[in-house]
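Structure file data_25.cif; described as mmCIF, C-alpha atoms.
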```cif
data_structure
#
loop_
_atom_site.group_PDB
_atom_site.id
_atom_site.type_symbol
_atom_site.label_atom_id
_atom_site.label_comp_id
_atom_site.auth_asym_id
_atom_site.auth_seq_id
_atom_site.Cartn_x
_atom_site.Cartn_y
_atom_site.Cartn_z
ATOM 1 C CA MET A 1 15.941 1.780 -80.365
ATOM 2 C CA THR A 2 13.300 1.449 -77.719
ATOM 3 C CA LYS A 3 11.752 4.466 -76.027
ATOM 4 C CA GLU A 4 12.743 4.760 -72.378
ATOM 5 C CA ARG A 5 10.215 6.028 -69.868
ATOM 6 C CA ILE A 6 11.585 8.966 -67.852
ATOM 7 C CA SER A 7 10.534 9.254 -64.222
ATOM 8 C CA GLY A 8 8.660 12.316 -63.020
ATOM 9 C CA ASP A 9 11.575 13.547 -60.896
ATOM 10 C CA VAL A 10 14.054 13.290 -63.774
ATOM 11 C CA ASP A 11 11.608 14.964 -66.151
ATOM 12 C CA ARG A 12 11.019 17.776 -63.701
ATOM 13 C CA GLN A 13 14.771 18.232 -63.181
ATOM 14 C CA LEU A 14 15.343 18.349 -66.955
ATOM 15 C CA ARG A 15 12.604 20.953 -67.349
ATOM 16 C CA ILE A 16 14.150 23.102 -64.590
ATOM 17 C CA GLU A 17 17.621 22.913 -66.167
ATOM 18 C CA ALA A 18 16.170 23.680 -69.618
ATOM 19 C CA ASP A 19 14.338 26.710 -68.221
ATOM 20 C CA LYS A 20 17.531 27.989 -66.575
ATOM 21 C CA LYS A 21 19.570 27.672 -69.782
ATOM 22 C CA ALA A 22 16.763 29.129 -71.934
ATOM 23 C CA ASN A 23 16.411 32.108 -69.589
ATOM 24 C CA ALA A 24 20.179 32.631 -69.668
ATOM 25 C CA LEU A 25 20.036 32.778 -73.488
ATOM 26 C CA GLY A 26 16.844 34.877 -73.481
ATOM 27 C CA ILE A 27 14.794 32.361 -75.441
ATOM 28 C CA SER A 28 11.887 30.057 -74.666
ATOM 29 C CA ARG A 29 12.306 26.534 -73.372
ATOM 30 C CA ALA A 30 10.844 25.057 -76.590
ATOM 31 C CA LYS A 31 13.288 27.044 -78.731
ATOM 32 C CA PHE A 32 16.169 26.012 -76.505
ATOM 33 C CA ILE A 33 15.147 22.353 -76.793
ATOM 34 C CA GLU A 34 14.858 22.689 -80.581
ATOM 35 C CA ILE A 35 18.339 24.239 -80.861
ATOM 36 C CA ALA A 36 19.768 21.616 -78.500
ATOM 37 C CA LEU A 37 18.211 18.790 -80.520
ATOM 38 C CA GLU A 38 19.579 20.203 -83.758
ATOM 39 C CA SER A 39 23.021 20.512 -82.175
ATOM 40 C CA GLU A 40 22.820 16.986 -80.797
ATOM 41 C CA LEU A 41 21.603 15.581 -84.079
ATOM 42 C CA GLU A 42 24.568 17.173 -85.887
ATOM 43 C CA ARG A 43 27.046 15.390 -83.634
ATOM 44 C CA PHE A 44 24.866 12.355 -82.886
ATOM 45 C CA ASN A 45 26.701 9.003 -82.743
ATOM 46 C CA VAL A 46 24.487 5.953 -82.320
ATOM 47 C CA HIS A 47 27.020 3.743 -80.556
ATOM 48 C CA LYS A 48 28.178 6.480 -78.198
ATOM 49 C CA GLU A 49 24.588 7.495 -77.532
ATOM 50 C CA ASN A 50 23.578 3.890 -76.828
ATOM 51 C CA LYS A 51 26.507 3.543 -74.463
ATOM 52 C CA ARG A 52 25.659 6.844 -72.782
ATOM 53 C CA LEU A 53 21.995 5.942 -72.491
ATOM 54 C CA THR A 54 22.868 2.488 -71.161
ATOM 55 C CA GLU A 55 25.145 4.016 -68.542
ATOM 56 C CA ALA A 56 22.487 6.606 -67.741
ATOM 57 C CA LYS A 57 19.905 3.832 -67.499
ATOM 58 C CA ASN A 58 22.097 1.771 -65.192
ATOM 59 C CA LYS A 59 22.829 4.835 -63.092
ATOM 60 C CA ALA A 60 19.131 5.701 -63.014
ATOM 61 C CA GLU A 61 18.297 2.124 -62.021
ATOM 62 C CA GLN A 62 20.903 2.283 -59.255
ATOM 63 C CA GLU A 63 19.540 5.612 -58.104
ATOM 64 C CA THR A 64 16.013 4.192 -58.330
ATOM 65 C CA GLU A 65 17.075 1.186 -56.272
ATOM 66 C CA LEU A 66 18.675 3.496 -53.733
ATOM 67 C CA LEU A 67 15.545 5.617 -53.704
ATOM 68 C CA ARG A 68 13.433 2.463 -53.330
ATOM 69 C CA ASP A 69 15.616 1.302 -50.422
ATOM 70 C CA THR A 70 15.388 4.763 -48.927
ATOM 71 C CA CYS A 71 11.610 4.739 -49.336
ATOM 72 C CA ASN A 72 11.397 1.285 -47.753
ATOM 73 C CA ARG A 73 13.625 2.434 -44.917
ATOM 74 C CA LEU A 74 11.511 5.539 -44.447
ATOM 75 C CA GLU A 75 8.358 3.398 -44.551
ATOM 76 C CA ARG A 76 9.820 1.105 -41.897
ATOM 77 C CA GLU A 77 10.855 4.086 -39.799
ATOM 78 C CA LYS A 78 7.401 5.580 -40.281
ATOM 79 C CA LEU A 79 5.809 2.269 -39.258
ATOM 80 C CA ASN A 80 8.114 2.023 -36.251
ATOM 81 C CA GLU A 81 7.289 5.598 -35.307
ATOM 82 C CA ARG A 82 3.579 4.849 -35.714
ATOM 83 C CA GLN A 83 3.926 1.743 -33.551
ATOM 84 C CA ALA A 84 5.947 3.697 -31.003
ATOM 85 C CA HIS A 85 3.315 6.431 -31.090
ATOM 86 C CA THR A 86 0.598 3.807 -30.617
ATOM 87 C CA LYS A 87 2.543 2.317 -27.703
ATOM 88 C CA THR A 88 2.964 5.789 -26.275
ATOM 89 C CA LEU A 89 -0.766 6.434 -26.631
ATOM 90 C CA ASN A 90 -1.558 3.078 -25.036
ATOM 91 C CA ALA A 91 0.915 3.824 -22.264
ATOM 92 C CA GLY A 92 -0.717 7.223 -21.863
ATOM 93 C CA VAL A 93 -4.135 5.580 -21.600
ATOM 94 C CA LEU A 94 -2.782 3.114 -19.042
ATOM 95 C CA LEU A 95 -1.147 5.948 -17.131
ATOM 96 C CA LYS A 96 -4.413 7.881 -17.234
ATOM 97 C CA GLU A 97 -6.291 4.863 -15.905
ATOM 98 C CA LYS A 98 -3.611 4.356 -13.247
ATOM 99 C CA TYR A 99 -3.821 8.044 -12.373
ATOM 100 C CA ASN A 100 -7.610 7.840 -12.041
ATOM 101 C CA GLN A 101 -7.242 4.693 -9.930
ATOM 102 C CA LEU A 102 -4.697 6.422 -7.695
ATOM 103 C CA GLU A 103 -6.969 9.447 -7.423
ATOM 104 C CA SER A 104 -9.818 7.147 -6.367
ATOM 105 C CA GLU A 105 -7.557 5.419 -3.830
ATOM 106 C CA ILE A 106 -6.380 8.792 -2.522
ATOM 107 C CA THR A 107 -10.009 9.862 -2.118
ATOM 108 C CA GLN A 108 -10.834 6.647 -0.276
ATOM 109 C CA LEU A 109 -7.755 6.972 1.932
ATOM 110 C CA THR A 110 -8.631 10.597 2.647
ATOM 111 C CA GLU A 111 -12.133 9.559 3.688
ATOM 112 C CA GLN A 112 -10.681 6.762 5.825
ATOM 113 C CA CYS A 113 -8.242 9.233 7.393
ATOM 114 C CA GLU A 114 -11.099 11.585 8.200
ATOM 115 C CA THR A 115 -13.065 8.699 9.715
ATOM 116 C CA LEU A 116 -10.038 7.570 11.732
ATOM 117 C CA LYS A 117 -9.395 11.146 12.797
ATOM 118 C CA ALA A 118 -12.974 11.470 14.057
ATOM 119 C CA GLU A 119 -12.658 8.101 15.811
ATOM 120 C CA CYS A 120 -9.358 9.188 17.383
ATOM 121 C CA GLU A 121 -10.982 12.381 18.606
ATOM 122 C CA LYS A 122 -13.815 10.342 20.157
ATOM 123 C CA GLN A 123 -11.311 7.989 21.767
ATOM 124 C CA SER A 124 -9.305 10.965 23.013
ATOM 125 C CA GLU A 125 -12.428 12.456 24.569
ATOM 126 C CA ALA A 126 -13.270 9.054 26.078
ATOM 127 C CA ARG A 127 -9.723 8.764 27.453
ATOM 128 C CA GLN A 128 -9.963 12.234 28.929
ATOM 129 C CA ALA A 129 -13.292 11.329 30.539
ATOM 130 C CA LEU A 130 -11.830 8.071 31.864
ATOM 131 C CA SER A 131 -8.755 9.920 33.100
ATOM 132 C CA LYS A 132 -10.956 12.407 34.915
ATOM 133 C CA GLU A 133 -13.077 9.607 36.362
ATOM 134 C CA TYR A 134 -9.904 7.727 37.324
ATOM 135 C CA THR A 135 -8.523 10.821 39.057
ATOM 136 C CA GLU A 136 -11.781 11.326 40.942
ATOM 137 C CA ARG A 137 -11.833 7.654 41.907
ATOM 138 C CA ILE A 138 -8.231 7.872 43.152
ATOM 139 C CA LYS A 139 -9.183 10.911 45.221
ATOM 140 C CA GLN A 140 -12.145 9.035 46.738
ATOM 141 C CA ILE A 141 -10.008 5.989 47.548
ATOM 142 C CA ALA A 142 -7.265 8.189 48.987
ATOM 143 C CA SER A 143 -9.857 10.015 51.076
ATOM 144 C CA HIS A 144 -11.182 6.710 52.444
ATOM 145 C CA LEU A 145 -7.656 5.480 53.114
ATOM 146 C CA GLY A 146 -6.583 8.771 54.659
ATOM 147 C CA VAL A 147 -3.556 9.209 52.402
ATOM 148 C CA PRO A 148 -2.528 11.749 49.717
ATOM 149 C CA ASP A 149 -4.373 11.324 46.390
ATOM 150 C CA THR A 150 -1.616 9.558 44.473
ATOM 151 C CA VAL A 151 -1.504 6.015 43.166
ATOM 152 C CA ALA A 152 1.748 5.299 45.004
ATOM 153 C CA HIS A 153 0.344 6.364 48.374
ATOM 154 C CA CYS A 154 -2.882 4.420 47.801
ATOM 155 C CA LYS A 155 -0.942 1.326 46.764
ATOM 156 C CA GLN A 156 1.343 1.623 49.772
ATOM 157 C CA ARG A 157 -1.643 1.975 52.115
ATOM 158 C CA ILE A 158 -3.418 -0.957 50.465
ATOM 159 C CA ASP A 159 -0.281 -3.075 50.873
ATOM 160 C CA GLU A 160 -0.137 -2.085 54.537
ATOM 161 C CA LEU A 161 -3.807 -2.987 54.970
ATOM 162 C CA GLN A 162 -3.215 -6.271 53.181
ATOM 163 C CA VAL A 163 -0.399 -7.086 55.617
ATOM 164 C CA SER A 164 -2.660 -6.096 58.491
ATOM 165 C CA ILE A 165 -5.412 -8.341 57.107
ATOM 166 C CA GLU A 166 -2.998 -11.242 56.889
ATOM 167 C CA ASP A 167 -1.946 -10.617 60.495
ATOM 168 C CA LYS A 168 -5.599 -10.506 61.562
ATOM 169 C CA LYS A 169 -6.239 -13.752 59.703
ATOM 170 C CA LYS A 170 -3.361 -15.372 61.559
ATOM 171 C CA GLU A 171 -4.724 -14.061 64.871
ATOM 172 C CA ARG A 172 -8.178 -15.358 63.926
ATOM 173 C CA ASP A 173 -6.811 -18.774 63.035
ATOM 174 C CA CYS A 174 -4.855 -18.869 66.291
ATOM 175 C CA PHE A 175 -7.918 -17.821 68.295
ATOM 176 C CA LYS A 176 -10.026 -20.371 66.423
ATOM 177 C CA ALA A 177 -7.552 -23.115 67.289
ATOM 178 C CA LYS A 178 -7.583 -22.051 70.942
ATOM 179 C CA PHE A 179 -11.373 -21.915 70.885
ATOM 180 C CA GLU A 180 -11.647 -25.361 69.350
ATOM 181 C CA LYS A 181 -9.226 -26.729 71.975
ATOM 182 C CA ALA A 182 -11.163 -25.027 74.787
ATOM 183 C CA ASP A 183 -14.445 -26.310 73.356
ATOM 184 C CA SER A 184 -13.012 -29.824 73.169
ATOM 185 C CA ASP A 185 -11.786 -29.551 76.754
ATOM 186 C CA TYR A 186 -15.178 -28.223 77.793
ATOM 187 C CA ARG A 187 -17.006 -31.125 76.158
ATOM 188 C CA THR A 188 -14.601 -33.596 77.753
ATOM 189 C CA CYS A 189 -15.204 -32.048 81.139
ATOM 190 C CA GLU A 190 -18.938 -32.025 80.512
ATOM 191 C CA ASN A 191 -18.917 -35.716 79.624
ATOM 192 C CA LYS A 192 -16.871 -36.556 82.684
ATOM 193 C CA LEU A 193 -19.180 -34.496 84.876
ATOM 194 C CA THR A 194 -22.228 -36.191 83.406
ATOM 195 C CA LEU A 195 -20.744 -39.618 84.047
ATOM 196 C CA LEU A 196 -19.802 -38.616 87.558
ATOM 197 C CA LEU A 197 -23.253 -37.259 88.324
ATOM 198 C CA THR A 198 -24.892 -40.339 86.859
ATOM 199 C CA ARG A 199 -22.737 -42.637 88.978
ATOM 200 C CA THR A 200 -23.482 -40.659 92.127
ATOM 201 C CA TRP A 201 -27.185 -40.772 91.381
ATOM 202 C CA TRP A 202 -27.131 -44.555 90.942
ATOM 203 C CA GLU A 203 -25.193 -44.970 94.129
ATOM 204 C CA ARG A 204 -27.760 -42.927 96.042
ATOM 205 C CA LEU A 205 -30.582 -44.831 94.436
ATOM 206 C CA TRP A 206 -28.891 -48.090 95.287
ATOM 207 C CA ASN A 207 -28.571 -47.101 98.919
ATOM 208 C CA VAL A 208 -32.179 -46.064 99.378
ATOM 209 C CA LEU A 209 -33.858 -48.957 97.560
ATOM 210 C CA PRO A 210 -35.049 -51.861 99.769
ATOM 211 C CA TRP A 211 -33.369 -55.114 99.017
ATOM 212 C CA ILE A 212 -35.345 -58.270 98.782
ATOM 213 C CA GLU A 213 -33.801 -61.069 100.841
#
```
Please re-express this file's structure in structure tokens.
Amino acid sequence: MTKERISGDVDRQLRIEADKKANALGISRAKFIEIALESELERFNVHKENKRLTEAKNKAEQETELLRDTCNRLEREKLNERQAHTKTLNAGVLLKEKYNQLESEITQLTEQCETLKAECEKQSEARQALSKEYTERIKQIASHLGVPDTVAHCKQRIDELQVSIEDKKKERDCFKAKFEKADSDYRTCENKLTLLLTRTWWERLWNVLPWIE
């Protein structure tokens, strides 16, 4: 009969049970084991004991296999948890980097907003200055035109002056045409008068010159 090796858990459980029974009887664990061995040896049957030990061995092997499967499952779960934890840490690092990047972008955008705000204020001041200058210019134009200082009145007066200018241009063109016609008539008359005077002069000269027979 070969000696079977008992696992630490089984040995510990046997010791605990032996201590409980020994304490209940008020004796030591060694004495209890001695009495139990004597009692077992008195009713010891090799075939029954082999069968019992074989069944116990098979049961222990099954329990060991279950424990091994449980340990493997726990190891896998532990590995999965470690991997998940690593992924979580990596995700946390990425989120931290993303957070820092967003913080940097927010800082840049804030600086840009401040710059744009200052630029808008400058443009607003420039617009106010231009508006004031525009108002003053409108007042000057209105004063020269003799109308109220509004854009509508100035535009209306300018339109009226533009119409008047067009009328004056038409009058000028008409006068120019009349002048050109009168000038042409004058030159025609002058040419005719010159020809007439020249003819009269030749006639007089012809009459006074002696003729050679």
**Study point:** Selection: 12 Å around stretch 63-69 of chain A, all atoms listed in the file, excl. self and same-chain fewer than 6 positions, as a PyMOL selection string
**Key:** chain A and resi 6-10+55-57+75-77
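Across the model, the gap from atom CA of A:His153 to atom CA of A:Thr135 is 13.6 Å.
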Study note, to complete from the structure: Between atom CA of A:Lys31 and atom CA of A:Asp19 lies a distance of 10.6 Å
Could you expand the PyMOL selection byres ((chain A and resi 157) around 12) into the explicit residues it covers here, written as a tab-separated table (two decimals) with C-alpha atoms, in the coordinates of the input?
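That gives us expr_23.tsv:
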```
chain	number	residue	atom	x	y	z
A	141	ILE	CA	-10.01	5.99	47.55
A	142	ALA	CA	-7.26	8.19	48.99
A	143	SER	CA	-9.86	10.02	51.08
A	144	HIS	CA	-11.18	6.71	52.44
A	145	LEU	CA	-7.66	5.48	53.11
A	146	GLY	CA	-6.58	8.77	54.66
A	147	VAL	CA	-3.56	9.21	52.40
A	148	PRO	CA	-2.53	11.75	49.72
A	149	ASP	CA	-4.37	11.32	46.39
A	150	THR	CA	-1.62	9.56	44.47
A	151	VAL	CA	-1.50	6.02	43.17
A	152	ALA	CA	1.75	5.30	45.00
A	153	HIS	CA	0.34	6.36	48.37
A	154	CYS	CA	-2.88	4.42	47.80
A	155	LYS	CA	-0.94	1.33	46.76
A	156	GLN	CA	1.34	1.62	49.77
A	158	ILE	CA	-3.42	-0.96	50.46
A	159	ASP	CA	-0.28	-3.08	50.87
A	160	GLU	CA	-0.14	-2.08	54.54
A	161	LEU	CA	-3.81	-2.99	54.97
A	162	GLN	CA	-3.22	-6.27	53.18
A	163	VAL	CA	-0.40	-7.09	55.62
A	164	SER	CA	-2.66	-6.10	58.49
```
Check your understanding: At what distance in Å, to one decimal, does atom CA of A:Asn50 lie from atom CA of A:Glu17?
Key -> 22.6 Å
If I wrap all listed atoms of stretch 65-68 of chain A in a box with edges along x, y and z and add 6 Å on each side, what are its centre and edge lengths in Å to one decimal, as lines of an AutoDock Vina configuration file?
```
center_x = 16.1
center_y = 3.4
center_z = -54.8
size_x = 17.2
size_y = 16.4
size_z = 14.9
```
